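Coordinates from structure_17.pdb are shown below (PDB, C-alpha atoms).
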```pdb
ATOM      1  CA  MET A   1      11.963 -15.278  41.720
ATOM      2  CA  SER A   2       9.258 -12.658  42.051
ATOM      3  CA  ASN A   3       7.121 -10.454  39.795
ATOM      4  CA  SER A   4       6.114  -8.149  42.655
ATOM      5  CA  LYS A   5       7.806  -4.769  42.859
ATOM      6  CA  THR A   6      10.335  -4.374  45.649
ATOM      7  CA  ASN A   7      11.777  -1.175  47.120
ATOM      8  CA  VAL A   8      14.330  -2.984  49.311
ATOM      9  CA  TYR A   9      16.744  -4.141  46.634
ATOM     10  CA  ASN A  10      19.814  -2.492  48.182
ATOM     11  CA  SER A  11      18.958  -3.301  51.779
ATOM     12  CA  HIS A  12      17.674  -6.895  51.389
ATOM     13  CA  VAL A  13      18.165  -8.447  47.957
ATOM     14  CA  LEU A  14      21.829  -7.559  47.425
ATOM     15  CA  PRO A  15      23.000  -8.731  50.873
ATOM     16  CA  LEU A  16      21.123 -12.005  50.398
ATOM     17  CA  LEU A  17      22.734 -12.681  47.027
ATOM     18  CA  ARG A  18      26.203 -11.853  48.288
ATOM     19  CA  ARG A  19      25.943 -14.458  51.042
ATOM     20  CA  MET A  20      25.378 -17.275  48.527
ATOM     21  CA  ILE A  21      29.077 -17.794  47.803
ATOM     22  CA  TYR A  22      28.618 -21.475  46.849
ATOM     23  CA  LEU A  23      25.648 -20.889  44.577
ATOM     24  CA  GLU A  24      26.014 -22.565  41.160
ATOM     25  CA  ASP A  25      22.661 -21.892  39.454
ATOM     26  CA  LEU A  26      20.696 -18.685  39.759
ATOM     27  CA  MET A  27      17.388 -17.709  38.178
ATOM     28  CA  LEU A  28      16.441 -14.135  39.005
ATOM     29  CA  ASN A  29      13.206 -12.360  38.088
ATOM     30  CA  LEU A  30      12.923  -8.941  39.747
ATOM     31  CA  CYS A  31      10.911  -5.731  39.535
ATOM     32  CA  VAL A  32      12.696  -2.972  41.462
ATOM     33  CA  GLY A  33      11.172   0.388  42.296
ATOM     34  CA  ASN A  34      12.365   3.740  43.591
ATOM     35  CA  ARG A  35      15.987   3.627  42.425
ATOM     36  CA  SER A  36      18.125   6.546  41.254
ATOM     37  CA  THR A  37      20.287   4.400  38.940
ATOM     38  CA  ILE A  38      19.587   1.642  36.459
ATOM     39  CA  ILE A  39      20.601  -1.984  36.912
ATOM     40  CA  ASP A  40      22.770  -2.861  33.923
ATOM     41  CA  SER A  41      25.672  -5.232  33.239
ATOM     42  CA  THR A  42      28.133  -2.969  35.067
ATOM     43  CA  HIS A  43      26.038  -3.103  38.213
ATOM     44  CA  LEU A  44      25.554  -6.875  37.999
ATOM     45  CA  ASN A  45      29.266  -7.519  37.449
ATOM     46  CA  LYS A  46      30.438  -5.320  40.331
ATOM     47  CA  GLU A  47      27.626  -5.671  42.867
ATOM     48  CA  VAL A  48      26.449  -9.268  42.362
ATOM     49  CA  LEU A  49      28.603 -11.585  40.258
ATOM     50  CA  LEU A  50      31.846 -10.595  41.924
ATOM     51  CA  TYR A  51      30.503 -12.229  45.117
ATOM     52  CA  LEU A  52      29.427 -15.488  43.440
ATOM     53  CA  PRO A  53      32.657 -17.289  42.488
ATOM     54  CA  CYS A  54      31.004 -20.714  42.024
ATOM     55  CA  LEU A  55      28.191 -19.560  39.734
ATOM     56  CA  GLN A  56      27.856 -21.663  36.579
ATOM     57  CA  THR A  57      24.503 -20.668  35.065
ATOM     58  CA  LEU A  58      22.528 -17.457  35.349
ATOM     59  CA  THR A  59      19.123 -16.522  33.936
ATOM     60  CA  PHE A  60      17.666 -13.143  34.844
ATOM     61  CA  ASN A  61      14.981 -10.648  33.977
ATOM     62  CA  ILE A  62      15.224  -7.371  35.913
ATOM     63  CA  GLU A  63      12.944  -4.378  35.540
ATOM     64  CA  VAL A  64      13.804  -1.119  37.340
ATOM     65  CA  TYR A  65      11.786   2.071  37.837
ATOM     66  CA  ILE A  66      14.088   5.048  38.157
ATOM     67  CA  THR A  67      13.769   8.595  39.492
ATOM     68  CA  GLY A  68      16.169  11.520  39.212
ATOM     69  CA  VAL A  69      18.169  10.259  36.220
ATOM     70  CA  ASN A  70      20.418  12.711  34.349
ATOM     71  CA  GLU A  71      19.775  13.198  30.616
ATOM     72  CA  ILE A  72      23.268  11.988  29.684
ATOM     73  CA  ASN A  73      22.423   8.517  30.959
ATOM     74  CA  TRP A  74      19.806   8.107  28.243
ATOM     75  CA  THR A  75      21.882   9.029  25.224
ATOM     76  CA  ASN A  76      25.138   7.094  25.734
ATOM     77  CA  PHE A  77      23.640   3.666  26.060
ATOM     78  CA  ASN A  78      24.278   0.341  24.333
ATOM     79  CA  ASN A  79      21.534  -2.301  24.214
ATOM     80  CA  VAL A  80      23.945  -5.236  23.942
ATOM     81  CA  GLN A  81      25.911  -5.718  27.158
ATOM     82  CA  TYR A  82      28.105  -8.415  28.700
ATOM     83  CA  ILE A  83      28.249  -9.968  32.123
ATOM     84  CA  PHE A  84      31.068 -12.138  33.474
ATOM     85  CA  TYR A  85      30.927 -15.315  35.531
ATOM     86  CA  ASN A  86      32.474 -18.805  35.502
ATOM     87  CA  GLY A  87      35.435 -17.318  33.681
ATOM     88  CA  LYS A  88      33.411 -16.372  30.592
ATOM     89  CA  SER A  89      31.497 -13.426  29.180
ATOM     90  CA  HIS A  90      27.771 -13.796  28.549
ATOM     91  CA  GLN A  91      25.495 -11.598  26.508
ATOM     92  CA  SER A  92      22.553  -9.650  27.900
ATOM     93  CA  ILE A  93      20.136  -7.101  26.468
ATOM     94  CA  CYS A  94      19.206  -3.865  28.176
ATOM     95  CA  TYR A  95      16.951  -1.037  27.039
ATOM     96  CA  ILE A  96      15.631   2.132  28.671
ATOM     97  CA  ASP A  97      12.302   3.974  28.578
ATOM     98  CA  GLN A  98      12.450   7.675  29.306
ATOM     99  CA  PHE A  99       9.234   9.124  30.681
ATOM    100  CA  PRO A 100       8.385  12.585  29.299
ATOM    101  CA  ARG A 101       7.599  14.143  32.660
ATOM    102  CA  GLY A 102      10.449  14.739  35.068
ATOM    103  CA  ARG A 103      13.716  12.826  35.251
ATOM    104  CA  ARG A 104      12.048   9.452  35.498
ATOM    105  CA  GLY A 105      12.252   6.291  33.503
ATOM    106  CA  ARG A 106      12.506   2.539  33.426
ATOM    107  CA  SER A 107      15.229   0.067  32.535
ATOM    108  CA  HIS A 108      14.866  -3.567  31.544
ATOM    109  CA  ILE A 109      17.723  -6.064  31.340
ATOM    110  CA  TYR A 110      17.543  -9.789  30.621
ATOM    111  CA  SER A 111      19.929 -12.616  29.861
ATOM    112  CA  ILE A 112      20.468 -14.120  26.414
ATOM    113  CA  PRO A 113      19.554 -16.846  25.607
ATOM    114  CA  TYR A 114      16.365 -16.303  27.575
ATOM    115  CA  THR A 115      15.153 -19.566  29.108
ATOM    116  CA  LEU A 116      12.288 -18.394  31.334
ATOM    117  CA  ASN A 117       8.714 -19.201  30.291
ATOM    118  CA  ASP A 118       7.371 -15.693  30.874
ATOM    119  CA  LEU A 119       8.454 -12.136  30.138
ATOM    120  CA  HIS A 120       6.631  -9.229  31.756
ATOM    121  CA  TYR A 121       6.008  -5.572  30.946
ATOM    122  CA  ILE A 122       8.017  -5.062  27.793
ATOM    123  CA  SER A 123       7.617  -1.603  26.273
ATOM    124  CA  SER A 124       7.668  -0.143  22.768
ATOM    125  CA  ASN A 125      11.480   0.152  23.036
ATOM    126  CA  PHE A 126      11.841  -3.618  23.245
ATOM    127  CA  PRO A 127      14.544  -4.434  20.629
ATOM    128  CA  GLY A 128      13.208  -7.856  19.638
ATOM    129  CA  GLY A 129      15.026 -11.149  19.246
ATOM    130  CA  LEU A 130      13.962 -14.798  19.318
ATOM    131  CA  PHE A 131      12.360 -16.207  22.482
ATOM    132  CA  MET A 132      11.453 -19.832  21.856
ATOM    133  CA  ASN A 133      10.738 -20.606  25.528
ATOM    134  CA  VAL A 134       8.362 -17.740  26.295
ATOM    135  CA  HIS A 135       4.674 -18.708  26.426
ATOM    136  CA  CYS A 136       3.371 -15.843  28.575
ATOM    137  CA  LEU A 137       4.036 -12.201  27.679
ATOM    138  CA  SER A 138       2.793  -8.885  29.030
ATOM    139  CA  MET A 139       3.183  -5.554  27.242
ATOM    140  CA  MET A 140       2.732  -2.185  28.918
ATOM    141  CA  ASN A 141       3.396   1.411  27.978
ATOM    142  CA  ILE A 142       2.043   4.545  29.599
ATOM    143  CA  TYR A 143       3.211   7.330  27.300
ATOM    144  CA  TYR A 144       3.842   5.812  23.867
ATOM    145  CA  PRO A 145       1.659   3.672  21.569
ATOM    146  CA  PHE A 146       2.172   0.116  20.363
ATOM    147  CA  GLU A 147       2.098   0.493  16.589
ATOM    148  CA  HIS A 148       1.115  -2.213  14.098
ATOM    149  CA  ASP A 149       4.734  -2.849  13.069
ATOM    150  CA  PHE A 150       5.659  -3.407  16.708
ATOM    151  CA  PHE A 151       3.105  -6.219  16.934
ATOM    152  CA  VAL A 152       4.684  -7.708  13.804
ATOM    153  CA  LYS A 153       7.990  -7.734  15.705
ATOM    154  CA  ILE A 154       6.355  -9.312  18.757
ATOM    155  CA  ALA A 155       4.745 -12.099  16.693
ATOM    156  CA  CYS A 156       8.127 -12.917  15.116
ATOM    157  CA  SER A 157      10.008 -12.746  18.426
ATOM    158  CA  PHE A 158       7.613 -15.036  20.325
ATOM    159  CA  PRO A 159       6.471 -17.750  17.874
ATOM    160  CA  LEU A 160       5.184 -20.094  20.635
ATOM    161  CA  LEU A 161       3.297 -17.456  22.603
ATOM    162  CA  THR A 162       0.029 -18.723  24.128
ATOM    163  CA  ASN A 163      -0.875 -16.003  26.649
ATOM    164  CA  LEU A 164      -0.678 -12.271  25.893
ATOM    165  CA  SER A 165      -1.625  -9.216  27.947
ATOM    166  CA  VAL A 166      -1.623  -5.729  26.391
ATOM    167  CA  SER A 167      -1.974  -2.534  28.442
ATOM    168  CA  ASN A 168      -1.793   0.856  26.721
ATOM    169  CA  ASP A 169      -4.048   3.934  26.674
ATOM    170  CA  THR A 170      -2.180   5.872  23.975
ATOM    171  CA  PRO A 171      -3.827   5.823  20.501
ATOM    172  CA  GLN A 172      -1.939   4.401  17.553
ATOM    173  CA  LYS A 173      -0.566   6.791  14.922
ATOM    174  CA  TYR A 174       0.349   4.397  12.111
ATOM    175  CA  LYS A 175      -2.479   1.953  11.455
ATOM    176  CA  ARG A 176      -2.407  -0.691   8.743
ATOM    177  CA  LEU A 177      -5.899   0.326   7.591
ATOM    178  CA  ASN A 178      -4.625   3.829   6.858
ATOM    179  CA  GLN A 179      -1.850   2.315   4.761
ATOM    180  CA  LEU A 180      -4.402   0.333   2.775
ATOM    181  CA  ASN A 181      -6.597   3.394   2.221
ATOM    182  CA  ASN A 182      -3.712   5.691   1.260
ATOM    183  CA  ASN A 183      -1.907   3.199  -1.001
ATOM    184  CA  ASP A 184       1.190   3.515   1.196
ATOM    185  CA  GLN A 185       3.755   0.792   1.710
ATOM    186  CA  ILE A 186       1.716  -1.853   3.516
ATOM    187  CA  SER A 187       2.983  -3.540   6.669
ATOM    188  CA  SER A 188       2.793  -7.287   7.112
ATOM    189  CA  LEU A 189      -0.268  -8.900   8.616
ATOM    190  CA  VAL A 190       0.240  -9.933  12.256
ATOM    191  CA  GLU A 191      -0.368 -13.587  13.075
ATOM    192  CA  PHE A 192      -0.158 -15.189  16.524
ATOM    193  CA  SER A 193      -0.425 -18.810  15.442
ATOM    194  CA  ASN A 194      -0.460 -20.336  18.937
ATOM    195  CA  LEU A 195      -2.140 -17.631  21.001
ATOM    196  CA  ILE A 196      -4.932 -19.030  23.197
ATOM    197  CA  LYS A 197      -5.521 -16.285  25.774
ATOM    198  CA  LEU A 198      -5.637 -12.536  25.096
ATOM    199  CA  ARG A 199      -6.249  -9.709  27.535
ATOM    200  CA  ILE A 200      -6.495  -6.070  26.405
ATOM    201  CA  SER A 201      -6.604  -3.312  29.006
ATOM    202  CA  SER A 202      -7.061   0.082  27.381
ATOM    203  CA  ARG A 203      -9.350   3.077  27.289
ATOM    204  CA  CYS A 204      -8.451   3.352  23.600
ATOM    205  CA  ILE A 205     -10.310   1.225  21.048
ATOM    206  CA  ASP A 206      -7.292   1.047  18.707
ATOM    207  CA  TYR A 207      -5.875  -2.088  20.334
ATOM    208  CA  VAL A 208      -9.195  -3.902  20.157
ATOM    209  CA  GLU A 209      -9.318  -3.125  16.429
ATOM    210  CA  GLN A 210      -5.679  -4.152  16.121
ATOM    211  CA  PHE A 211      -6.419  -7.680  17.315
ATOM    212  CA  LEU A 212     -10.010  -8.270  16.211
ATOM    213  CA  GLU A 213      -9.955  -6.782  12.700
ATOM    214  CA  ASP A 214      -8.871  -9.538  10.316
ATOM    215  CA  THR A 215      -7.169  -6.939   8.130
ATOM    216  CA  ASN A 216      -4.694  -6.398  10.986
ATOM    217  CA  THR A 217      -4.235  -9.632  12.929
ATOM    218  CA  ARG A 218      -5.008 -13.328  12.694
ATOM    219  CA  LEU A 219      -5.664 -15.367  15.834
ATOM    220  CA  PRO A 220      -6.523 -18.864  14.564
ATOM    221  CA  ARG A 221      -6.391 -20.601  17.968
ATOM    222  CA  LEU A 222      -7.767 -17.952  20.316
ATOM    223  CA  LEU A 223     -10.077 -19.406  22.989
ATOM    224  CA  GLU A 224     -10.210 -16.827  25.775
ATOM    225  CA  LEU A 225     -10.613 -13.065  25.397
ATOM    226  CA  LYS A 226     -10.710 -10.463  28.177
ATOM    227  CA  ILE A 227     -11.685  -7.077  26.841
ATOM    228  CA  ASP A 228     -13.869  -4.021  27.453
ATOM    229  CA  TYR A 229     -17.466  -4.956  26.576
ATOM    230  CA  ILE A 230     -18.310  -1.608  24.921
ATOM    231  CA  HIS A 231     -15.209  -1.792  22.730
ATOM    232  CA  LEU A 232     -16.016  -5.362  21.772
ATOM    233  CA  GLN A 233     -19.602  -4.438  20.905
ATOM    234  CA  PHE A 234     -18.441  -1.557  18.707
ATOM    235  CA  VAL A 235     -15.733  -3.432  16.807
ATOM    236  CA  THR A 236     -17.963  -6.451  16.134
ATOM    237  CA  GLU A 237     -20.865  -4.191  15.031
ATOM    238  CA  ASN A 238     -23.029  -5.338  17.911
ATOM    239  CA  PHE A 239     -21.809  -8.958  17.627
ATOM    240  CA  THR A 240     -22.796  -9.332  13.984
ATOM    241  CA  PRO A 241     -21.206 -12.491  12.504
ATOM    242  CA  PRO A 242     -18.460 -11.709   9.978
ATOM    243  CA  GLU A 243     -20.393 -13.490   7.214
ATOM    244  CA  LYS A 244     -23.421 -11.284   7.788
ATOM    245  CA  GLN A 245     -21.242  -8.185   7.894
ATOM    246  CA  LEU A 246     -19.859  -9.182   4.512
ATOM    247  CA  ASP A 247     -23.337  -9.839   3.108
ATOM    248  CA  GLU A 248     -24.563  -6.460   4.316
ATOM    249  CA  ALA A 249     -21.552  -4.723   2.821
ATOM    250  CA  LEU A 250     -22.122  -6.479  -0.513
ATOM    251  CA  ALA A 251     -25.820  -5.633  -0.401
ATOM    252  CA  LYS A 252     -25.031  -1.979   0.196
ATOM    253  CA  GLY A 253     -22.644  -2.035  -2.715
ATOM    254  CA  LYS A 254     -25.218  -3.736  -4.983
ATOM    255  CA  ASN A 255     -27.927  -1.241  -4.026
ATOM    256  CA  ALA A 256     -25.596   1.609  -4.760
ATOM    257  CA  LEU A 257     -24.781   0.083  -8.145
ATOM    258  CA  ASP A 258     -28.467  -0.493  -8.946
ATOM    259  CA  ASN A 259     -29.319   3.074  -8.011
ATOM    260  CA  LYS A 260     -26.581   4.327 -10.292
ATOM    261  CA  GLU A 261     -27.892   2.253 -13.212
ATOM    262  CA  VAL A 262     -31.456   3.510 -12.670
ATOM    263  CA  TYR A 263     -30.181   7.075 -12.547
ATOM    264  CA  GLU A 264     -28.312   6.653 -15.833
ATOM    265  CA  GLU A 265     -31.371   5.112 -17.572
ATOM    266  CA  ASN A 266     -33.642   7.895 -16.328
ATOM    267  CA  LYS A 267     -31.123  10.442 -17.523
ATOM    268  CA  LYS A 268     -31.172   8.886 -21.002
ATOM    269  CA  ALA A 269     -35.004   8.809 -20.984
ATOM    270  CA  ASP A 270     -35.144  12.498 -20.074
ATOM    271  CA  ALA A 271     -32.817  13.305 -22.968
ATOM    272  CA  VAL A 272     -35.026  11.320 -25.396
ATOM    273  CA  GLU A 273     -38.144  13.091 -24.148
ATOM    274  CA  ASP A 274     -36.471  16.468 -24.673
ATOM    275  CA  ASP A 275     -35.489  15.508 -28.232
ATOM    276  CA  LEU A 276     -39.030  14.335 -28.929
ATOM    277  CA  GLU A 277     -40.516  17.578 -27.686
ATOM    278  CA  ASP A 278     -38.112  19.587 -29.867
ATOM    279  CA  LEU A 279     -39.112  17.457 -32.873
ATOM    280  CA  ARG A 280     -42.804  18.146 -32.262
ATOM    281  CA  GLU A 281     -42.142  21.870 -32.062
ATOM    282  CA  GLU A 282     -40.226  21.788 -35.338
ATOM    283  CA  ILE A 283     -43.066  19.864 -37.111
ATOM    284  CA  LYS A 284     -45.629  22.322 -35.797
ATOM    285  CA  GLN A 285     -43.560  25.268 -36.978
ATOM    286  CA  VAL A 286     -43.111  23.781 -40.474
ATOM    287  CA  LYS A 287     -46.874  23.190 -40.805
ATOM    288  CA  GLU A 288     -47.662  26.741 -39.793
ATOM    289  CA  GLU A 289     -45.194  28.166 -42.289
ATOM    290  CA  GLY A 290     -46.579  25.955 -45.129
ATOM    291  CA  GLY A 291     -50.211  26.757 -44.370
ATOM    292  CA  ILE A 292     -50.979  23.186 -43.370
ATOM    293  CA  GLU A 293     -53.794  22.844 -40.886
ATOM    294  CA  SER A 294     -52.780  21.080 -37.708
ATOM    295  CA  THR A 295     -54.836  18.149 -36.523
ATOM    296  CA  GLU A 296     -55.218  16.593 -33.143
ATOM    297  CA  GLU A 297     -53.841  13.325 -34.470
ATOM    298  CA  LYS A 298     -50.185  13.046 -33.630
ATOM    299  CA  SER A 299     -47.621  12.070 -36.186
ATOM    300  CA  PRO A 300     -46.299   8.562 -35.811
ATOM    301  CA  GLU A 301     -43.152   8.556 -33.752
ATOM    302  CA  PRO A 302     -39.973   6.750 -34.707
ATOM    303  CA  GLU A 303     -39.883   3.110 -33.719
ATOM    304  CA  TYR A 304     -36.807   3.444 -31.486
ATOM    305  CA  LEU A 305     -38.582   6.188 -29.507
ATOM    306  CA  LEU A 306     -41.627   4.003 -28.988
ATOM    307  CA  LYS A 307     -39.429   1.207 -27.732
ATOM    308  CA  GLN A 308     -37.713   3.618 -25.373
ATOM    309  CA  GLN A 309     -41.079   4.827 -24.040
ATOM    310  CA  LYS A 310     -42.277   1.277 -23.515
ATOM    311  CA  TYR A 311     -39.091   0.543 -21.600
ATOM    312  CA  LEU A 312     -39.647   3.558 -19.367
ATOM    313  CA  ILE A 313     -43.262   2.555 -18.729
ATOM    314  CA  PHE A 314     -42.071  -0.917 -17.739
ATOM    315  CA  LEU A 315     -39.708   0.577 -15.132
TER     316      LEU A 315
END
```
Re-express the file's structure as structure tokens.
Amino acid sequence: MSNSKTNVYNSHVLPLLRRMIYLEDLMLNLCVGNRSTIIDSTHLNKEVLLYLPCLQTLTFNIEVYITGVNEINWTNFNNVQYIFYNGKSHQSICYIDQFPRGRRGRSHIYSIPYTLNDLHYISSNFPGGLFMNVHCLSMMNIYYPFEHDFFVKIACSFPLLTNLSVSNDTPQKYKRLNQLNNNDQISSLVEFSNLIKLRISSRCIDYVEQFLEDTNTRLPRLLELKIDYIHLQFVTENFTPPEKQLDEALAKGKNALDNKEVYEENKKADAVEDDLEDLREEIKQVKEEGGIESTEEKSPEPEYLLKQQKYLIFL
């Protein structure tokens, strides 16, 4: 078993496997580089399993980086495949990532049921499933984002996950926050109930927000976090405790409400003052027309106006 990439699969790995004619149990974890063809069930049946007549159990996880692949190979492809050994057929899952530049890509095939404790470098084309034995998972994509709904799939597929590594520099397009703001159909909240260690490697802040915003993800048991310091500082509002953030938000809302109430009261007071001024002008005009001499003493004002003025003076 090895997680290191090898470029000597044809010259070293295949000959070694073919010599193990009495092998009964095989656990294979490979990352193969610089191949022109994918490793799928057809390859495993013809190039490996045919030479292992005594094999009884097989667990494998094989990742292949490919160059010079024809376009037709990408379209006519079935994720569910079958391998044959010990006189029986066994299910496996295979998916392909096509890179947008050049005829390059990546294939990933693994046995079902998957009994290994770790699964490395799954991409956004990962079809899902149920992996009860996996505790350590790494996710990586160079050209395409990990959307919120994909993390929902990951949380459901790996319910006992304790260690997660995420590597992606491509910004998300479909965020849950946008759904909330636009009243769209809202995706489920992501919850990693058993996650203890989280590592995020990205130049994009979206994935930090994805995991640290409680409107996106819940991490009730997280103990260790490896993340870009600047991103962490930004998302946590310079490490402000969530309770204080909430208090500040409520205070801002209360101040805005108070300001609105004061504005409405002042608007009413201005209207009363305008009515009062009009009334004075009318009284003055009536006195002039009736030949009544005006005095400096002001006419008593209605009681409700006096109360309103007192209220305004109090403010």
Can you give me, as a PDB file with C-alpha atoms, in the frame of the given file, the residues this file yields under the PyMOL selection byres ((chain A and resi 208) around 10)?
```pdb
ATOM      1  CA  VAL A 166      -1.623  -5.729  26.391  1.00  0.00           C
ATOM      2  CA  ARG A 199      -6.249  -9.709  27.535  1.00  0.00           C
ATOM      3  CA  ILE A 200      -6.495  -6.070  26.405  1.00  0.00           C
ATOM      4  CA  SER A 201      -6.604  -3.312  29.006  1.00  0.00           C
ATOM      5  CA  SER A 202      -7.061   0.082  27.381  1.00  0.00           C
ATOM      6  CA  ARG A 203      -9.350   3.077  27.289  1.00  0.00           C
ATOM      7  CA  CYS A 204      -8.451   3.352  23.600  1.00  0.00           C
ATOM      8  CA  ILE A 205     -10.310   1.225  21.048  1.00  0.00           C
ATOM      9  CA  ASP A 206      -7.292   1.047  18.707  1.00  0.00           C
ATOM     10  CA  TYR A 207      -5.875  -2.088  20.334  1.00  0.00           C
ATOM     11  CA  GLU A 209      -9.318  -3.125  16.429  1.00  0.00           C
ATOM     12  CA  GLN A 210      -5.679  -4.152  16.121  1.00  0.00           C
ATOM     13  CA  PHE A 211      -6.419  -7.680  17.315  1.00  0.00           C
ATOM     14  CA  LEU A 212     -10.010  -8.270  16.211  1.00  0.00           C
ATOM     15  CA  GLU A 213      -9.955  -6.782  12.700  1.00  0.00           C
ATOM     16  CA  ILE A 227     -11.685  -7.077  26.841  1.00  0.00           C
ATOM     17  CA  ASP A 228     -13.869  -4.021  27.453  1.00  0.00           C
ATOM     18  CA  HIS A 231     -15.209  -1.792  22.730  1.00  0.00           C
ATOM     19  CA  LEU A 232     -16.016  -5.362  21.772  1.00  0.00           C
ATOM     20  CA  PHE A 234     -18.441  -1.557  18.707  1.00  0.00           C
ATOM     21  CA  VAL A 235     -15.733  -3.432  16.807  1.00  0.00           C
ATOM     22  CA  THR A 236     -17.963  -6.451  16.134  1.00  0.00           C
TER      23      THR A 236
END
```
Please evaluate the PyMOL selection byres ((chain A and resi 32-46) around 9) against the structure above and give the resulting residues as a VMD selection string. chain A and resid 4 to 9 30 to 31 47 to 51 62 to 69 81 to 85 92 to 94 96 104 106 to 109
If you apply the PyMOL selection byres ((chain A and resi 118) around 9) to this file, what residues do you get, as a CSV table (one decimal) with C-alpha atoms, in the frame of the given file?
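Final output, part36.csv:
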```
chain,number,residue,atom,x,y,z
A,115,THR,CA,15.2,-19.6,29.1
A,116,LEU,CA,12.3,-18.4,31.3
A,117,ASN,CA,8.7,-19.2,30.3
A,119,LEU,CA,8.5,-12.1,30.1
A,120,HIS,CA,6.6,-9.2,31.8
A,133,ASN,CA,10.7,-20.6,25.5
A,134,VAL,CA,8.4,-17.7,26.3
A,135,HIS,CA,4.7,-18.7,26.4
A,136,CYS,CA,3.4,-15.8,28.6
A,137,LEU,CA,4.0,-12.2,27.7
A,138,SER,CA,2.8,-8.9,29.0
```
Return as AutoDock Vina command-line options the box centre and box size in Å, one decimal, for an axis-aligned box around all listed atoms of segment 170-173 of chain A padded by 4 Å per side.
```
--center_x -2.2 --center_y 5.6 --center_z 19.4 --size_x 11.3 --size_y 10.4 --size_z 17.1
```
How far is it from atom CA of Thr170 of chain A to atom CA of Met139 of chain A, in Å with one decimal?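 One can read the atom CA of Thr170 of chain A to atom CA of Met139 of chain A distance as 13.0 Å.
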Check the smallest atom-to-atom distance from each of A:Ile142, A:Leu189, A:Val13, A:Ile154 to Gln98 of chain A using all atoms listed in the file, then report the winner. A:Ile142
